[in-house]
file model_22.txt (compact mmCIF, C-alpha atoms and all ligand atoms)
# COMPACT_ATOMS: atom_id res chain seq x y z
CA MET I 553 0.00 0.00 0.00
CA PRO I 554 1.61 3.35 -0.98
CA ASP I 555 2.13 5.78 1.88
CA ASN I 556 1.00 9.37 2.08
CA PRO I 557 3.70 11.52 0.39
CA ALA I 558 4.04 13.44 3.67
CA ALA I 559 4.79 10.23 5.62
CA ALA I 560 8.13 9.78 7.35
CA PRO I 561 10.76 8.32 4.98
CA LEU I 562 11.31 4.54 5.30
CA THR I 563 14.78 4.81 6.79
CA MET I 564 16.19 2.18 9.18
CA GLU I 565 16.13 4.79 11.92
CA ASN I 566 12.41 5.44 11.41
CA ILE I 567 11.62 1.71 11.11
CA ARG I 568 13.37 1.21 14.46
CA ARG I 569 11.19 3.94 15.98
CA ALA I 570 7.96 2.26 14.80
CA PRO I 571 6.32 0.03 17.42
CA LYS I 572 6.75 -3.66 16.57
CA VAL I 573 5.39 -6.91 17.97
CA LEU I 574 7.41 -10.13 17.84
CA LEU I 575 5.74 -13.51 18.38
CA HIS I 576 8.43 -15.94 17.15
CA ASP I 577 11.95 -15.48 18.48
CA HIS I 578 14.17 -18.16 20.09
CA LEU I 579 16.15 -17.16 23.19
CA ASP I 580 18.98 -19.52 22.17
CA GLY I 581 18.96 -18.04 18.66
CA GLY I 582 19.32 -14.42 19.72
CA LEU I 583 22.49 -14.13 21.81
CA ARG I 584 24.94 -11.32 21.18
CA PRO I 585 28.05 -12.93 19.63
CA GLU I 586 30.28 -11.23 22.22
CA THR I 587 28.16 -12.78 24.96
CA VAL I 588 28.63 -16.25 23.43
CA VAL I 589 32.41 -15.73 23.54
CA GLU I 590 32.43 -14.37 27.10
CA LEU I 591 30.14 -17.09 28.46
CA ALA I 592 32.17 -19.82 26.72
CA ASP I 593 35.26 -18.50 28.46
CA ALA I 594 33.53 -18.26 31.86
CA LEU I 595 31.95 -21.71 31.61
CA GLY I 596 34.94 -23.49 30.08
CA TYR I 597 33.03 -24.32 26.89
CA ARG I 598 35.79 -25.23 24.43
CA ASP I 599 33.91 -26.14 21.25
CA LEU I 600 33.27 -22.72 19.69
CA PRO I 601 34.47 -22.63 16.06
CA THR I 602 36.29 -19.33 16.84
CA THR I 603 36.57 -16.90 19.76
CA ASP I 604 36.87 -13.86 17.50
CA VAL I 605 33.56 -12.02 17.87
CA ALA I 606 33.26 -10.80 14.27
CA GLU I 607 34.29 -14.19 12.89
CA LEU I 608 31.88 -15.99 15.18
CA SER I 609 29.04 -13.73 14.14
CA ARG I 610 29.79 -14.54 10.49
CA TRP I 611 30.20 -18.23 11.29
CA PHE I 612 26.67 -18.47 12.74
CA ARG I 613 25.16 -16.83 9.68
CA ASP I 614 27.14 -18.93 7.19
CA ALA I 615 26.59 -22.22 9.00
CA ALA I 616 22.87 -21.56 9.35
CA ASP I 617 22.67 -20.61 5.67
CA SER I 618 22.60 -24.29 4.85
CA GLY I 619 19.42 -24.93 2.87
CA SER I 620 18.21 -27.49 5.39
CA LEU I 621 16.51 -27.15 8.77
CA GLU I 622 18.56 -30.04 10.20
CA SER I 623 21.93 -28.38 9.42
CA TYR I 624 20.59 -25.00 10.52
CA LEU I 625 19.70 -26.52 13.91
CA GLU I 626 23.26 -27.82 14.44
CA THR I 627 24.43 -24.25 15.14
CA PHE I 628 22.39 -24.20 18.37
CA ALA I 629 24.83 -26.62 20.03
CA HIS I 630 27.11 -23.62 20.63
CA THR I 631 24.48 -21.27 22.05
CA CYS I 632 22.93 -23.95 24.27
CA GLY I 633 26.47 -24.99 25.25
CA VAL I 634 27.01 -21.63 26.97
CA MET I 635 23.52 -21.38 28.53
CA GLN I 636 23.93 -24.02 31.25
CA THR I 637 24.04 -21.90 34.41
CA GLU I 638 21.49 -19.62 36.05
CA GLU I 639 23.84 -16.63 35.72
CA ALA I 640 24.25 -17.25 31.99
CA LEU I 641 20.48 -17.56 31.50
CA VAL I 642 19.75 -14.36 33.44
CA ARG I 643 22.32 -12.48 31.35
CA VAL I 644 21.14 -13.81 27.99
CA ALA I 645 17.48 -13.15 28.83
CA ALA I 646 18.14 -9.60 30.07
CA GLU I 647 20.23 -8.76 26.99
CA CYS I 648 17.52 -10.21 24.75
CA VAL I 649 14.99 -7.74 26.19
CA GLU I 650 17.42 -4.82 25.91
CA ASP I 651 18.13 -5.65 22.26
CA LEU I 652 14.46 -6.02 21.34
CA ALA I 653 13.52 -2.79 23.14
CA ALA I 654 16.34 -0.91 21.41
CA ASP I 655 14.89 -2.14 18.11
CA GLY I 656 11.44 -0.71 18.93
CA VAL I 657 9.74 -3.98 19.91
CA VAL I 658 6.94 -3.19 22.38
CA TYR I 659 5.65 -6.71 22.99
CA ALA I 660 7.58 -9.95 22.45
CA GLU I 661 7.00 -13.62 23.04
CA VAL I 662 10.40 -15.30 23.27
CA ARG I 663 10.66 -19.08 23.32
CA TYR I 664 13.18 -21.72 24.36
CA ALA I 665 13.32 -25.38 25.32
CA PRO I 666 14.17 -25.71 29.06
CA GLU I 667 15.48 -29.25 28.53
CA LEU I 668 18.36 -27.89 26.39
CA PHE I 669 19.70 -25.84 29.32
CA ALA I 670 19.75 -28.75 31.77
CA GLU I 671 22.80 -30.57 30.38
CA ARG I 672 24.97 -29.63 33.37
CA GLY I 673 22.34 -30.51 35.93
CA LEU I 674 20.12 -27.42 36.24
CA ALA I 675 16.58 -28.34 37.24
CA LEU I 676 13.93 -27.34 34.68
CA ASP I 677 12.18 -25.09 37.21
CA ALA I 678 15.48 -23.32 37.91
CA VAL I 679 15.90 -22.74 34.16
CA VAL I 680 12.45 -21.16 33.89
CA GLU I 681 12.96 -19.00 36.97
CA ALA I 682 16.37 -17.78 35.78
CA VAL I 683 14.98 -16.78 32.38
CA GLN I 684 12.03 -14.99 34.00
CA ALA I 685 14.42 -13.12 36.31
CA GLY I 686 16.45 -12.11 33.24
CA PHE I 687 13.38 -10.89 31.37
CA ALA I 688 12.28 -8.84 34.39
CA GLU I 689 15.77 -7.33 34.66
CA GLY I 690 15.74 -6.57 30.90
CA GLU I 691 12.36 -4.85 31.19
CA ARG I 692 13.76 -2.72 34.03
CA ARG I 693 16.89 -1.77 32.06
CA ALA I 694 14.80 -0.93 28.99
CA ALA I 695 12.52 1.27 31.11
CA GLN I 696 15.61 3.14 32.37
CA GLN I 697 16.39 3.89 28.72
CA GLY I 698 12.84 5.19 28.26
CA LYS I 699 11.63 2.08 26.37
CA VAL I 700 8.53 0.23 27.44
CA ILE I 701 8.55 -3.44 26.43
CA ARG I 702 6.46 -6.28 27.72
CA MET I 703 7.72 -9.87 27.51
CA GLY I 704 5.89 -13.18 27.33
CA THR I 705 7.61 -16.57 27.43
CA LEU I 706 6.81 -19.66 25.36
CA LEU I 707 8.23 -22.98 26.51
CA CYS I 708 9.20 -25.38 23.72
CA ALA I 709 9.45 -29.13 23.82
CA MET I 710 11.88 -30.63 21.29
CA ARG I 711 10.13 -32.83 18.75
CA GLN I 712 12.94 -35.43 18.74
CA HIS I 713 12.79 -35.86 22.53
CA ALA I 714 9.78 -37.28 24.35
CA ARG I 715 9.27 -34.67 27.05
CA ALA I 716 6.34 -32.65 25.71
CA GLN I 717 3.96 -33.58 28.53
CA GLU I 718 6.50 -32.63 31.19
CA ILE I 719 7.22 -29.27 29.52
CA ALA I 720 3.51 -28.58 29.00
CA GLU I 721 2.96 -29.11 32.73
CA ILE I 722 5.72 -26.61 33.54
CA ALA I 723 4.16 -24.09 31.13
CA VAL I 724 0.85 -24.37 32.96
CA ARG I 725 2.51 -24.20 36.38
CA TYR I 726 4.30 -20.94 35.46
CA ARG I 727 1.39 -19.37 33.54
CA ASP I 728 0.94 -16.65 36.20
CA SER I 729 4.68 -15.93 36.33
CA GLY I 730 5.19 -14.84 32.72
CA VAL I 731 4.91 -18.09 30.72
CA ALA I 732 2.32 -17.30 28.06
CA GLY I 733 2.25 -20.57 26.16
CA PHE I 734 3.85 -23.66 24.64
CA ASP I 735 5.37 -24.79 21.31
CA ILE I 736 7.18 -27.72 19.77
CA ALA I 737 10.43 -27.06 17.89
CA GLY I 738 13.27 -29.01 16.28
CA PRO I 739 13.35 -31.17 13.15
CA GLU I 740 9.93 -31.33 11.49
CA ALA I 741 10.35 -34.14 8.94
CA GLY I 742 9.82 -37.49 10.67
CA PHE I 743 8.46 -35.87 13.85
CA PRO I 744 4.80 -35.03 13.19
CA PRO I 745 3.00 -32.93 15.81
CA THR I 746 0.61 -35.79 16.60
CA ARG I 747 3.49 -37.55 18.43
CA ASN I 748 2.70 -35.11 21.25
CA LEU I 749 -1.09 -35.39 21.31
CA ASP I 750 -1.22 -36.03 25.06
CA ALA I 751 0.54 -32.77 25.78
CA PHE I 752 -1.75 -30.78 23.50
CA GLU I 753 -4.82 -32.35 25.03
CA TYR I 754 -3.49 -31.52 28.49
CA LEU I 755 -2.96 -27.88 27.44
CA ARG I 756 -6.43 -27.57 25.92
CA THR I 757 -7.98 -29.10 29.02
CA ASN I 758 -6.21 -26.41 31.03
CA ASN I 759 -7.25 -23.58 28.70
CA ALA I 760 -3.57 -22.94 27.91
CA HIS I 761 -2.24 -21.37 24.71
CA PHE I 762 0.05 -23.07 22.22
CA THR I 763 1.55 -22.64 18.79
CA ILE I 764 3.27 -25.35 16.73
CA HIS I 765 6.23 -25.10 14.33
CA ALA I 766 4.58 -26.54 11.21
CA GLY I 767 4.81 -26.09 7.47
CA GLU I 768 8.48 -25.08 7.46
CA ALA I 769 10.54 -28.16 6.52
CA PHE I 770 7.48 -30.33 5.89
CA GLY I 771 4.27 -29.61 4.07
CA LEU I 772 0.54 -29.54 4.35
CA ALA I 773 0.19 -32.77 6.36
CA SER I 774 2.12 -31.17 9.20
CA ILE I 775 -0.05 -28.02 9.14
CA TRP I 776 -3.23 -30.08 8.97
CA GLU I 777 -2.23 -32.22 11.96
CA ALA I 778 -1.13 -29.17 13.96
CA ILE I 779 -4.49 -27.48 13.50
CA GLN I 780 -7.04 -30.27 13.20
CA HIS I 781 -5.54 -32.96 15.47
CA CYS I 782 -3.55 -30.92 17.96
CA GLY I 783 -5.57 -27.69 18.08
CA ALA I 784 -2.75 -25.19 17.51
CA GLU I 785 -3.88 -21.58 17.82
CA ARG I 786 -1.04 -20.28 15.65
CA LEU I 787 1.42 -21.77 13.16
CA GLY I 788 5.17 -21.34 13.58
CA HIS I 789 6.13 -20.44 9.99
CA GLY I 790 3.21 -22.15 8.23
CA VAL I 791 4.63 -20.95 4.90
CA ARG I 792 3.96 -24.27 3.16
CA ILE I 793 0.25 -23.40 3.27
CA VAL I 794 1.00 -22.00 -0.20
CA ASP I 795 1.10 -25.62 -1.42
CA ASP I 796 -2.70 -25.52 -1.04
CA ILE I 797 -3.07 -22.36 -3.12
CA LYS I 798 -3.20 -22.58 -6.92
CA ARG I 799 -2.89 -19.74 -9.38
CA ASP I 800 -4.35 -20.00 -12.93
CA PRO I 801 -2.35 -18.59 -15.85
CA ASP I 802 -4.81 -15.64 -15.88
CA GLY I 803 -3.89 -14.88 -12.25
CA THR I 804 -7.06 -16.22 -10.61
CA VAL I 805 -6.20 -17.70 -7.23
CA HIS I 806 -7.86 -20.83 -5.77
CA LEU I 807 -7.58 -21.77 -2.12
CA GLY I 808 -7.82 -25.45 -1.19
CA ARG I 809 -9.87 -26.46 1.84
CA LEU I 810 -7.00 -26.29 4.34
CA ALA I 811 -5.78 -22.91 3.09
CA SER I 812 -9.37 -21.61 3.23
CA TYR I 813 -9.74 -22.92 6.77
CA VAL I 814 -6.53 -21.23 7.91
CA ARG I 815 -7.57 -17.92 6.34
CA ASP I 816 -11.24 -18.10 7.40
CA ARG I 817 -10.41 -18.92 11.01
CA ARG I 818 -7.77 -16.15 11.01
CA ILE I 819 -5.09 -18.59 12.18
CA PRO I 820 -1.94 -16.49 12.63
CA LEU I 821 1.11 -17.37 10.55
CA GLU I 822 4.37 -16.59 12.35
CA ILE I 823 6.37 -15.82 9.22
CA CYS I 824 10.18 -15.56 9.56
CA PRO I 825 11.48 -14.46 6.14
CA SER I 826 15.28 -14.59 6.59
CA SER I 827 15.19 -17.86 8.51
CA ASN I 828 13.08 -19.43 5.75
CA VAL I 829 15.64 -18.47 3.13
CA GLN I 830 18.45 -20.02 5.22
CA THR I 831 16.64 -23.33 5.79
CA GLY I 832 15.45 -23.53 2.17
CA ALA I 833 11.75 -23.03 3.02
CA ALA I 834 11.77 -20.05 0.61
CA PRO I 835 14.13 -19.38 -2.32
CA SER I 836 14.72 -15.69 -1.48
CA ILE I 837 13.03 -12.78 0.30
CA ALA I 838 11.71 -11.49 -3.04
CA GLU I 839 10.16 -14.88 -3.84
CA HIS I 840 8.95 -15.51 -0.29
CA PRO I 841 5.29 -16.62 -0.07
CA ILE I 842 4.61 -13.77 2.38
CA GLY I 843 3.81 -11.54 -0.62
CA LEU I 844 1.06 -13.89 -1.80
CA LEU I 845 -0.23 -14.65 1.71
CA ALA I 846 -0.37 -11.01 2.79
CA GLY I 847 -2.05 -10.09 -0.52
CA LEU I 848 -4.71 -12.73 0.18
CA ARG I 849 -5.19 -11.30 3.69
CA PHE I 850 -4.10 -14.33 5.67
CA ARG I 851 -3.31 -13.28 9.23
CA VAL I 852 0.38 -12.75 8.50
CA THR I 853 2.84 -11.68 11.19
CA VAL I 854 6.55 -10.90 10.66
CA ASN I 855 9.16 -12.41 12.96
CA THR I 856 12.91 -12.88 13.43
CA ASP I 857 13.10 -16.58 14.49
CA ASN I 858 16.85 -16.46 15.30
CA ARG I 859 18.49 -13.05 15.27
CA LEU I 860 22.02 -14.44 15.72
CA MET I 861 21.79 -17.09 13.00
CA SER I 862 20.09 -14.73 10.54
CA GLY I 863 21.96 -11.56 11.55
CA CYS I 864 18.57 -9.85 11.59
CA THR I 865 16.29 -7.71 13.73
CA MET I 866 12.57 -6.95 13.44
CA SER I 867 13.54 -3.69 11.76
CA SER I 868 15.84 -5.36 9.24
CA GLU I 869 13.10 -7.90 8.40
CA PHE I 870 10.64 -5.03 7.80
CA ALA I 871 13.22 -3.18 5.71
CA ALA I 872 13.94 -6.28 3.59
CA LEU I 873 10.22 -6.78 2.97
CA ALA I 874 9.78 -3.12 2.08
CA GLU I 875 12.54 -3.48 -0.49
CA ALA I 876 11.18 -6.74 -1.95
CA PHE I 877 7.44 -5.99 -1.93
CA GLY I 878 7.21 -2.20 -1.74
CA TYR I 879 5.65 -2.29 1.71
CA GLY I 880 5.23 0.93 3.68
CA TRP I 881 4.01 2.13 7.08
CA ALA I 882 0.41 1.01 6.55
CA ASP I 883 1.63 -2.55 5.83
CA PHE I 884 3.96 -2.50 8.85
CA GLN I 885 1.06 -1.35 11.01
CA TRP I 886 -1.11 -4.16 9.62
CA PHE I 887 1.56 -6.81 10.40
CA THR I 888 2.00 -5.33 13.87
CA ILE I 889 -1.71 -5.24 14.70
CA ASN I 890 -2.09 -8.78 13.30
CA ALA I 891 0.66 -9.88 15.69
CA MET I 892 -0.81 -8.09 18.70
CA LYS I 893 -4.25 -9.56 17.99
CA SER I 894 -2.58 -13.00 17.95
CA ALA I 895 -0.57 -12.63 21.16
CA PHE I 896 -1.07 -15.09 24.01
CA LEU I 897 -2.14 -12.24 26.27
CA ASP I 898 -5.51 -11.25 27.72
CA PHE I 899 -7.84 -9.57 25.24
CA ASP I 900 -8.11 -6.30 27.16
CA GLN I 901 -4.32 -6.03 27.34
CA ARG I 902 -3.96 -6.72 23.61
CA LEU I 903 -6.46 -3.94 22.88
CA GLU I 904 -4.62 -1.62 25.21
CA VAL I 905 -1.34 -2.07 23.29
CA ILE I 906 -3.08 -1.72 19.93
CA ASN I 907 -4.96 1.45 20.86
CA ASN I 908 -2.44 3.17 23.12
CA VAL I 909 0.90 2.14 21.63
CA ILE I 910 0.69 0.76 18.09
CA LYS I 911 -1.90 3.06 16.50
CA PRO I 912 -0.45 6.30 17.91
CA GLY I 913 3.08 5.12 17.02
CA TYR I 914 2.18 4.59 13.36
CA ALA I 915 -0.03 7.69 13.22
CA ALA I 916 3.09 9.72 14.00
CA LEU I 917 4.89 8.15 11.02
CA ILE I 918 2.06 7.93 8.49
O1 LIG I 1001 12.79 -22.47 12.71
C1 LIG I 1001 12.93 -23.39 13.53
N1 LIG I 1001 12.33 -24.59 13.33
C2 LIG I 1001 12.42 -25.61 14.22
N2 LIG I 1001 13.17 -25.52 15.31
C3 LIG I 1001 13.82 -24.36 15.54
C4 LIG I 1001 13.74 -23.28 14.69
N3 LIG I 1001 14.52 -22.29 15.18
C5 LIG I 1001 15.05 -22.75 16.32
N4 LIG I 1001 14.65 -24.02 16.53
C6 LIG I 1001 15.01 -24.91 17.63
C7 LIG I 1001 16.45 -24.77 18.04
C8 LIG I 1001 16.42 -24.31 19.45
O2 LIG I 1001 17.40 -24.92 20.22
C9 LIG I 1001 15.04 -24.75 19.91
C10 LIG I 1001 14.46 -24.04 21.10
O3 LIG I 1001 14.59 -22.66 21.02
O4 LIG I 1001 14.24 -24.54 18.76
ZN ZN I 1002 11.35 -21.07 15.20
call {"tool": "encode", "arguments": {"input": "model_22.txt", "output": "structure tokens"}}
result
Amino acid sequence: MPDNPAAAPLTMENIRRAPKVLLHDHLDGGLRPETVVELADALGYRDLPTTDVAELSRWFRDAADSGSLESYLETFAHTCGVMQTEEALVRVAAECVEDLAADGVVYAEVRYAPELFAERGLALDAVVEAVQAGFAEGERRAAQQGKVIRMGTLLCAMRQHARAQEIAEIAVRYRDSGVAGFDIAGPEAGFPPTRNLDAFEYLRTNNAHFTIHAGEAFGLASIWEAIQHCGAERLGHGVRIVDDIKRDPDGTVHLGRLASYVRDRRIPLEICPSSNVQTGAAPSIAEHPIGLLAGLRFRVTVNTDNRLMSGCTMSSEFAALAEAFGYGWADFQWFTINAMKSAFLDFDQRLEVINNVIKPGYAALI
């Protein structure tokens, strides 16, 4: 949508000023590279490919740029490797909030798998409490810099492990202490979401929120199971829903039954453009299905997935989409309101952020 000629120019600085909402960001995919190096030194983690900060930063991006989700996921051994103490978790979580707030994010749901931080003996509850303490500290530091950001936590279970029920129970236990919901992550092919049906049933019985990584490295069957068997409220990525959309040579578009269902029910798609290019889920940003899906008015949201592995921020994702699809402030506002409507937060609080933060923020730019 073209902007008013009097609108603020679409510079990186202005995009950073615009309020943004982030629903899909992994705590272990967003560390500052210098923090990885410092924590490795403090914890005696010896397996980093390099201890030069600039080289390490490049290494993460190159190694993740692999064309396959499985190889992309291998890079997390190094971030999880340095996140095995409470002090490390508090630091990483606090810095995560500071970095998001500095980028203009006003509400974020950040996710991680507690089981991956228990390799040196931390109890899962201690992991969750350390991350919550870090988020609270990050919110305080952001407020000191004049930035208001609110955090929600999503706990992931890893698809290749069999601990979903246990993690779902922790998510419910900590629901009043900042844990907003649940997710399953990890390799998608060979690990369909229905392997964790018990956990999803438990969550639904407890009126708890969950999203599912589906339709990234595997296709429609994964999306269908996530929604119709498991009851996912949102789809992590979900980009492969385009496999159920056909376009005639004359440009007429036909939605299959699953694609129609996803659009009709306004099921949010947590789209992560740069990550999708790295894992091979999309050929490039310019050819990313987000253009088609947004044009068809699916409930599209824009996300970072892993800021370290993709070398991205919410602002850089917006800027890349603006360049590829000609998006402007009105589109950014639409993505942001879509995300806030889809947050695992009480309805009145979602409305409050939309009306008091997002709309005035964009009005000042448009
Ligand atoms: O895009 C992803 N798809 C599936 N799994 C992912 C993705 N990004 C990160 N993960 C995994 C690696 C992390 O260790 C884990 C929990 O954050 O989630
Ligand atoms: Zn993800």
call {"tool": "closest_atom_pairs", "arguments": {"input": "model_22.txt", "of": "stretch 606-700 of chain I", "to": "stretch 894-914 of chain I", "cutoff": "12 Å", "atoms": "only C-alpha atoms", "output": "CSV"}}
result
residue,atom,partner,partner_atom,distance
I:Gly656,CA,I:Gly913,CA,10.4
I:Val657,CA,I:Ile910,CA,10.4
I:Val658,CA,I:Val909,CA,8.1
I:Tyr659,CA,I:Val905,CA,8.4
I:Ala660,CA,I:Ala895,CA,8.7
I:Glu661,CA,I:Ala895,CA,7.9
I:Val662,CA,I:Ala895,CA,11.5
I:Lys699,CA,I:Val909,CA,11.7
I:Val700,CA,I:Val909,CA,9.8
call {"tool": "atom_distance", "arguments": {"input": "model_22.txt", "atom1": "atom CA of I:Leu755", "atom2": "atom CA of I:Arg786"}}
result
14.2 Å
call {"tool": "atom_distance", "arguments": {"input": "model_22.txt", "atom1": "atom CA of I:Arg747", "atom2": "atom CA of I:Leu706"}}
result
19.5 Å
call {"tool": "closest_residue", "arguments": {"input": "model_22.txt", "among": "I:Glu607, I:Glu740, I:Glu689, I:Asp816", "to": "ligand LIG 1001 (chain I)", "atoms": "all atoms listed in the file"}}
result
I:Glu740
call {"tool": "closest_atom_pairs", "arguments": {"input": "model_22.txt", "of": "chain I", "to": "ligand ZN 1002 (chain I)", "cutoff": "12 Å", "atoms": "all atoms listed in the file", "output": "CSV"}}
result
residue,atom,partner,partner_atom,distance
I:Leu574,CA,I:ZN1002,ZN,11.9
I:Leu575,CA,I:ZN1002,ZN,9.9
I:His576,CA,I:ZN1002,ZN,6.2
I:Asp577,CA,I:ZN1002,ZN,6.5
I:His578,CA,I:ZN1002,ZN,6.4
I:Leu579,CA,I:ZN1002,ZN,10.1
I:Asp580,CA,I:ZN1002,ZN,10.4
I:Gly581,CA,I:ZN1002,ZN,8.9
I:Gly582,CA,I:ZN1002,ZN,11.3
I:Leu621,CA,I:ZN1002,ZN,10.2
I:Tyr624,CA,I:ZN1002,ZN,11.1
I:Leu625,CA,I:ZN1002,ZN,10.1
I:Phe628,CA,I:ZN1002,ZN,11.9
I:Glu661,CA,I:ZN1002,ZN,11.7
I:Val662,CA,I:ZN1002,ZN,10.0
I:Arg663,CA,I:ZN1002,ZN,8.4
I:Tyr664,CA,I:ZN1002,ZN,9.4
I:Ala665,CA,I:ZN1002,ZN,11.2
I:Leu706,CA,I:ZN1002,ZN,11.2
I:Leu707,CA,I:ZN1002,ZN,11.9
I:Cys708,CA,I:ZN1002,ZN,9.8
I:Ala709,CA,I:ZN1002,ZN,12.0
I:Met710,CA,I:ZN1002,ZN,11.3
I:Asp735,CA,I:ZN1002,ZN,9.3
I:Ile736,CA,I:ZN1002,ZN,9.1
I:Ala737,CA,I:ZN1002,ZN,6.6
I:Gly738,CA,I:ZN1002,ZN,8.2
I:Pro739,CA,I:ZN1002,ZN,10.5
I:Glu740,CA,I:ZN1002,ZN,11.0
I:Thr763,CA,I:ZN1002,ZN,10.6
I:Ile764,CA,I:ZN1002,ZN,9.3
I:His765,CA,I:ZN1002,ZN,6.6
I:Ala766,CA,I:ZN1002,ZN,9.6
I:Gly767,CA,I:ZN1002,ZN,11.3
I:Glu768,CA,I:ZN1002,ZN,9.2
I:Ala769,CA,I:ZN1002,ZN,11.2
I:Leu787,CA,I:ZN1002,ZN,10.2
I:Gly788,CA,I:ZN1002,ZN,6.4
I:His789,CA,I:ZN1002,ZN,7.4
I:Gly790,CA,I:ZN1002,ZN,10.8
I:Leu821,CA,I:ZN1002,ZN,11.8
I:Glu822,CA,I:ZN1002,ZN,8.8
I:Ile823,CA,I:ZN1002,ZN,9.4
I:Cys824,CA,I:ZN1002,ZN,8.0
I:Pro825,CA,I:ZN1002,ZN,11.2
I:Ser826,CA,I:ZN1002,ZN,11.5
I:Ser827,CA,I:ZN1002,ZN,8.4
I:Asn828,CA,I:ZN1002,ZN,9.7
I:Thr831,CA,I:ZN1002,ZN,11.0
I:Asn855,CA,I:ZN1002,ZN,9.2
I:Thr856,CA,I:ZN1002,ZN,8.5
I:Asp857,CA,I:ZN1002,ZN,4.9
I:Asn858,CA,I:ZN1002,ZN,7.2
I:Arg859,CA,I:ZN1002,ZN,10.7
I:Met861,CA,I:ZN1002,ZN,11.4
I:Ser862,CA,I:ZN1002,ZN,11.8
call {"tool": "residues_around", "arguments": {"input": "model_22.txt", "residues": "stretch 839-841 of chain I", "least_positions_apart": "4", "cutoff": "9 Å", "atoms": "all atoms listed in the file", "output": "list in words"}}
result
Val791, Arg792, Val794, Pro825, Asn828, Val829, Ala833, Ala834, Pro835, Leu845, Ala846 and Ala876 of chain I
call {"tool": "residues_around", "arguments": {"input": "model_22.txt", "residues": "I:Met635", "least_positions_apart": "6", "cutoff": "10 Å", "atoms": "only C-alpha atoms", "output": "ChimeraX atom specification"}}
result
/I:580,583,588,591-592,595,641-644,668-672,679
call {"tool": "residues_around", "arguments": {"input": "model_22.txt", "residues": "I:Phe877", "least_positions_apart": "6", "cutoff": "12 Å", "atoms": "all atoms listed in the file", "output": "short mmCIF file (atom, residue, chain, number, x, y, z; two decimals) with C-alpha atoms, keeping the file's coordinate frame"}}
result
data_model
loop_
_atom_site.label_atom_id
_atom_site.label_comp_id
_atom_site.auth_asym_id
_atom_site.auth_seq_id
_atom_site.Cartn_x
_atom_site.Cartn_y
_atom_site.Cartn_z
CA MET I 553 0.00 0.00 0.00
CA PRO I 554 1.61 3.35 -0.98
CA ILE I 837 13.03 -12.78 0.30
CA ALA I 838 11.71 -11.49 -3.04
CA GLU I 839 10.16 -14.88 -3.84
CA HIS I 840 8.95 -15.51 -0.29
CA PRO I 841 5.29 -16.62 -0.07
CA ILE I 842 4.61 -13.77 2.38
CA GLY I 843 3.81 -11.54 -0.62
CA LEU I 844 1.06 -13.89 -1.80
CA ALA I 846 -0.37 -11.01 2.79
CA GLY I 847 -2.05 -10.09 -0.52
CA GLU I 869 13.10 -7.90 8.40
CA PHE I 870 10.64 -5.03 7.80
CA ALA I 871 13.22 -3.18 5.71
CA ASP I 883 1.63 -2.55 5.83
CA PHE I 884 3.96 -2.50 8.85
#
call {"tool": "closest_residue", "arguments": {"input": "model_22.txt", "among": "I:Arg598, I:Arg692, I:Arg584, I:Arg711", "to": "ligand LIG 1001 (chain I)", "atoms": "only C-alpha atoms and all ligand atoms"}}
result
I:Arg711
call {"tool": "atom_distance", "arguments": {"input": "model_22.txt", "atom1": "atom CA of I:Phe687", "atom2": "atom CA of I:Glu650"}}
result
9.1 Å
call {"tool": "closest_residue", "arguments": {"input": "model_22.txt", "among": "I:Phe743, I:Arg610, I:Gly690, I:Glu590", "to": "ligand LIG 1001 (chain I)", "atoms": "only C-alpha atoms and all ligand atoms"}}
result
I:Phe743
call {"tool": "axis_aligned_box", "arguments": {"input": "model_22.txt", "around": "stretch 671-688 of chain I", "padding_each_side": "3 Å", "output": "lines of an AutoDock Vina configuration file"}}
result
center_x = 18.5
center_y = -19.7
center_z = 34.1
size_x = 18.9
size_y = 27.7
size_z = 13.5
call {"tool": "residues_around", "arguments": {"input": "model_22.txt", "residues": "I:Ala760", "least_positions_apart": "6", "cutoff": "10 Å", "atoms": "all atoms listed in the file", "output": "PyMOL selection string"}}
result
chain I and resi 720+723-724+727+732-734+752-754+896
call {"tool": "closest_residue", "arguments": {"input": "model_22.txt", "among": "I:Tyr597, I:Phe762, I:Phe770, I:Tyr726", "to": "ligand LIG 1001 (chain I)", "atoms": "only C-alpha atoms and all ligand atoms"}}
result
I:Phe770
call {"tool": "decode", "arguments": {"input": "model_22.txt", "residues": "stretch 681-698 of chain I", "atoms": "C-alpha atoms", "output": "short mmCIF file (atom, residue, chain, number, x, y, z; two decimals), in the first residue's frame"}}
result
data_model
loop_
_atom_site.label_atom_id
_atom_site.label_comp_id
_atom_site.auth_asym_id
_atom_site.auth_seq_id
_atom_site.Cartn_x
_atom_site.Cartn_y
_atom_site.Cartn_z
CA GLU I 681 12.96 -19.00 36.97
CA ALA I 682 16.37 -17.78 35.78
CA VAL I 683 14.98 -16.78 32.38
CA GLN I 684 12.03 -14.99 34.00
CA ALA I 685 14.42 -13.12 36.31
CA GLY I 686 16.45 -12.11 33.24
CA PHE I 687 13.38 -10.89 31.37
CA ALA I 688 12.28 -8.84 34.39
CA GLU I 689 15.77 -7.33 34.66
CA GLY I 690 15.74 -6.57 30.90
CA GLU I 691 12.36 -4.85 31.19
CA ARG I 692 13.76 -2.72 34.03
CA ARG I 693 16.89 -1.77 32.06
CA ALA I 694 14.80 -0.93 28.99
CA ALA I 695 12.52 1.27 31.11
CA GLN I 696 15.61 3.14 32.37
CA GLN I 697 16.39 3.89 28.72
CA GLY I 698 12.84 5.19 28.26
#
